[in-house]
Structures are given as C-alpha cells and as structure tokens.
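Student: Handing you a structure now.
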Amino acid sequence: MTERTLAIIKPDAVQRHLAGRILQRVEDAGFQIRAMRRLHLSKPQAEGFYAVHRERPFFGSLTGFMSSGPAIVMVLEAPDAIKKWRTLMGATDPAKADAGTLRQEFAESIERNVTHGSDAPETAAFEIGYFFAWIDLIQ
C-alpha cells in the first residue's frame with residue numbers, strides 16, 4: 001500500500017553539505033517527494049514538534065540541536081514508505097546502523113544523526129501536518 005512519511009534532513013547534514021547526497025539516495029530508493037521545504041526551526045517550534053519527548057532527558061539537547069540551523073523537511077511517498085525510509089536511515093545510533101544506511105554513512109553521533117523519519121502512520125499524519133498544509137502536497 002502506498003503511504004506517506006515525513007523525512008527531515010537535520011541541521012548537521014545541511015551544515016555539512018550532505019543534503020544533495022541524501023536527496024539522491026531518496027530518489028534512488030524509489031520515493032516520490034510530494035513536498036519539500038528548507039526551514040530554520042525556532043526553539044519553540046522544535047519543542048512543539050518533539051512535544052511527545054518533553055519528559056525525556058534528551059528533550060532540551062534535541063530541541064536545541066534541531067533549532068541550531070536550517071533543515072529540510074519532506075513528505076515522501078512509496079509503498080510501505082514509513083518502514084522503507086526507516087530502513088534507509090538506519091538505527092538511531094550510527095554505531096549500530098547497518099552498512100549502507102544514511103546514518104552509518106553520514107551520522108556523527110546518536111543526536112547528530114543526519115535524518116528523522118516518522119515511526120508509525122499516526123505519527124506521520126501529525127508530523128506531515130506540522131509542516132505542510134494539504135494544499136502543499138503534490139497529488
């Protein structure tokens with residue numbers, strides 16, 4: 001079944017000029033990019049996006065990092081897009097990521113791990129809606 005997921009090229013990857021290489025991998029993997037925007041999240045915007053993690057010990061450093069520079073947010077579409085994108089990204093900890101994944105190849109640490117992806121259809125719906133209005137999504 002075709003589905004959509006939110007993907008983020010995080011500030012560390014944008015700052016290190018990896019966005020083009022990551023976008024090429026997205027297209028090579030067969031995803032359709034239905035919406036894309038470059039933005040610089042404010043700290044309150046990052047806190048809103050990651051509100052589900054508010055009580056976690058890493059919340060402050062995560063939202064500080066995500067508001068530290070420009071990022072690229074995208075809506076990706078493909079059959080089983082959520083699982084497919086998470087597989088391409090690799091494990092959150094790049095030391096545990098499979099060979100050939102984006103995080104194994106480009107990430108510097110658990111926090112500076114170059115990409116984000118929705119983990120479930122409900123999460124994808126919230127995350128896509130956080131950044132894009134329905135009219136923004138190419139049909």
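Naming works like this for the structure tokens: A, B, ... for the chains as they're shown, residue 1 at the start of each chain, ligands 1 onward in shown order.
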Taking only chain A into account, list the residues labelled alpha helix (DSSP H) by DSSP (computed from the backbone), as a PyMOL selection string.

Tutor: chain A and resi 11-15+19-28+43-49+59-66+81-89+102-106+121-131

Student: Hey, which bits of region 3-68 of chain A sit within 8 Å of region 103-119 of chain A, and for each residue what's the closest pair of atoms and how far apart in Å (one decimal), counting only C-alpha atoms, rows by chain and increasing number, as JSON lines?

Tutor:
```
{"residue": "A:Thr5", "atom": "CA", "partner": "A:Ser118", "partner_atom": "CA", "distance": 5.9}
{"residue": "A:Leu6", "atom": "CA", "partner": "A:Ser118", "partner_atom": "CA", "distance": 5.7}
{"residue": "A:Ala7", "atom": "CA", "partner": "A:Gly117", "partner_atom": "CA", "distance": 4.7}
{"residue": "A:Ile8", "atom": "CA", "partner": "A:His116", "partner_atom": "CA", "distance": 4.9}
{"residue": "A:Ile9", "atom": "CA", "partner": "A:Thr115", "partner_atom": "CA", "distance": 4.7}
{"residue": "A:Lys10", "atom": "CA", "partner": "A:Val114", "partner_atom": "CA", "distance": 5.0}
{"residue": "A:Pro11", "atom": "CA", "partner": "A:Val114", "partner_atom": "CA", "distance": 7.3}
{"residue": "A:Asp12", "atom": "CA", "partner": "A:Val114", "partner_atom": "CA", "distance": 5.9}
{"residue": "A:Ala13", "atom": "CA", "partner": "A:Val114", "partner_atom": "CA", "distance": 5.0}
{"residue": "A:Leu62", "atom": "CA", "partner": "A:Glu111", "partner_atom": "CA", "distance": 6.9}
```

Student: Keeping only N, CA, C and O atoms, write the selected residues as an mmCIF file, in the first residue's frame.

Tutor:
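Listed below is the output, result.cif:
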```cif
data_model
loop_
_atom_site.group_PDB
_atom_site.id
_atom_site.type_symbol
_atom_site.label_atom_id
_atom_site.label_comp_id
_atom_site.auth_asym_id
_atom_site.auth_seq_id
_atom_site.Cartn_x
_atom_site.Cartn_y
_atom_site.Cartn_z
ATOM 1 N N THR A 5 5.291 9.492 4.497
ATOM 2 C CA THR A 5 6.019 9.676 5.749
ATOM 3 C C THR A 5 6.714 11.024 5.719
ATOM 4 O O THR A 5 6.998 11.570 4.645
ATOM 5 N N LEU A 6 6.973 11.559 6.897
ATOM 6 C CA LEU A 6 7.769 12.775 6.979
ATOM 7 C C LEU A 6 9.231 12.380 7.100
ATOM 8 O O LEU A 6 9.572 11.446 7.840
ATOM 9 N N ALA A 7 10.067 13.069 6.386
ATOM 10 C CA ALA A 7 11.511 12.887 6.480
ATOM 11 C C ALA A 7 12.142 14.249 6.724
ATOM 12 O O ALA A 7 11.678 15.251 6.176
ATOM 13 N N ILE A 8 13.154 14.276 7.550
ATOM 14 C CA ILE A 8 13.898 15.519 7.795
ATOM 15 C C ILE A 8 15.376 15.254 7.550
ATOM 16 O O ILE A 8 15.932 14.272 8.047
ATOM 17 N N ILE A 9 15.981 16.134 6.787
ATOM 18 C CA ILE A 9 17.438 16.202 6.707
ATOM 19 C C ILE A 9 17.811 17.230 7.766
ATOM 20 O O ILE A 9 17.505 18.420 7.642
ATOM 21 N N LYS A 10 18.436 16.759 8.830
ATOM 22 C CA LYS A 10 18.659 17.561 10.025
ATOM 23 C C LYS A 10 19.759 18.619 9.822
ATOM 24 O O LYS A 10 20.539 18.550 8.868
ATOM 25 N N PRO A 11 19.811 19.594 10.763
ATOM 26 C CA PRO A 11 20.789 20.679 10.632
ATOM 27 C C PRO A 11 22.236 20.233 10.459
ATOM 28 O O PRO A 11 22.995 20.877 9.725
ATOM 29 N N ASP A 12 22.642 19.140 11.093
ATOM 30 C CA ASP A 12 24.035 18.701 10.945
ATOM 31 C C ASP A 12 24.336 18.308 9.509
ATOM 32 O O ASP A 12 25.405 18.629 8.973
ATOM 33 N N ALA A 13 23.395 17.645 8.847
ATOM 34 C CA ALA A 13 23.606 17.242 7.448
ATOM 35 C C ALA A 13 23.571 18.440 6.509
ATOM 36 O O ALA A 13 24.359 18.510 5.564
ATOM 37 N N LEU A 62 17.968 17.852 22.238
ATOM 38 C CA LEU A 62 17.379 17.560 20.936
ATOM 39 C C LEU A 62 16.764 18.811 20.312
ATOM 40 O O LEU A 62 17.030 19.134 19.155
#
```

Student: Taking into account only C-alpha atoms, which residue in the set A:Leu88, A:Pro79, A:Phe59, A:Phe49 is nearest to Asp28 (chain A)?

Tutor: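 Of the candidates, the smallest distance to Asp28 (chain A) is held by A:Leu88.
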
Student: Going by DSSP on the backbone, which bits of chain A are strand (DSSP E)? Write them as a PyMOL selection string, please.

Tutor: chain A and resi 2-9+32-39+71-79+115-117

Student: Between A:Ala124, A:Val52, A:Leu39, A:Ala99, which residue has the minimum interatomic distance to Leu76 (chain A), considering only C-alpha atoms?

Tutor: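 Result for the nearest residue to Leu76 (chain A): A:Ala124.
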
Student: Closest to Leu18 (chain A) among A:Glu127, A:Ala46, A:Phe31, A:Ala71, using only C-alpha atoms?

Tutor: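 Once distances to Leu18 (chain A) are computed over only C-alpha atoms, the minimum belongs to A:Ala71.
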
Student: Could you list, as a PyMOL selection string, every residue within 8 Å of Val75 (chain A), counting only C-alpha atoms and ignoring same-chain residues fewer than 6 positions away?

Tutor: chain A and resi 4-7+33-36+128+137

Student: Could you jot down the CA of Ala97 (chain A) to CA of Ile82 (chain A) separation for me, Å, one decimal place?

Tutor: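 Atom-to-atom, CA of Ala97 (chain A) to CA of Ile82 (chain A), that is 17.0 Å.
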
Student: Could you check which of A:Trp85, A:Tyr130, A:Ala95, A:Gly64 is closest to Val26 (chain A), using only C-alpha atoms?

Tutor: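 Counting only C-alpha atoms, the residue closest to Val26 (chain A) is A:Trp85.
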
Student: Which of these, A:Ala120, A:Ala78, A:Val73, A:Ala91, has the shortest distance to His40 (chain A) once you count only C-alpha atoms?

Tutor: A:Val73

Student: Separation of CA of Gly60 (chain A) and CA of Lys43 (chain A), in Å?

Tutor: 9.5 Å

Student: So how far away is CA of Arg37 (chain A) from CA of Ser61 (chain A), in Å?

Tutor: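 CA of Ser61 (chain A) sits 23.5 Å away from CA of Arg37 (chain A).
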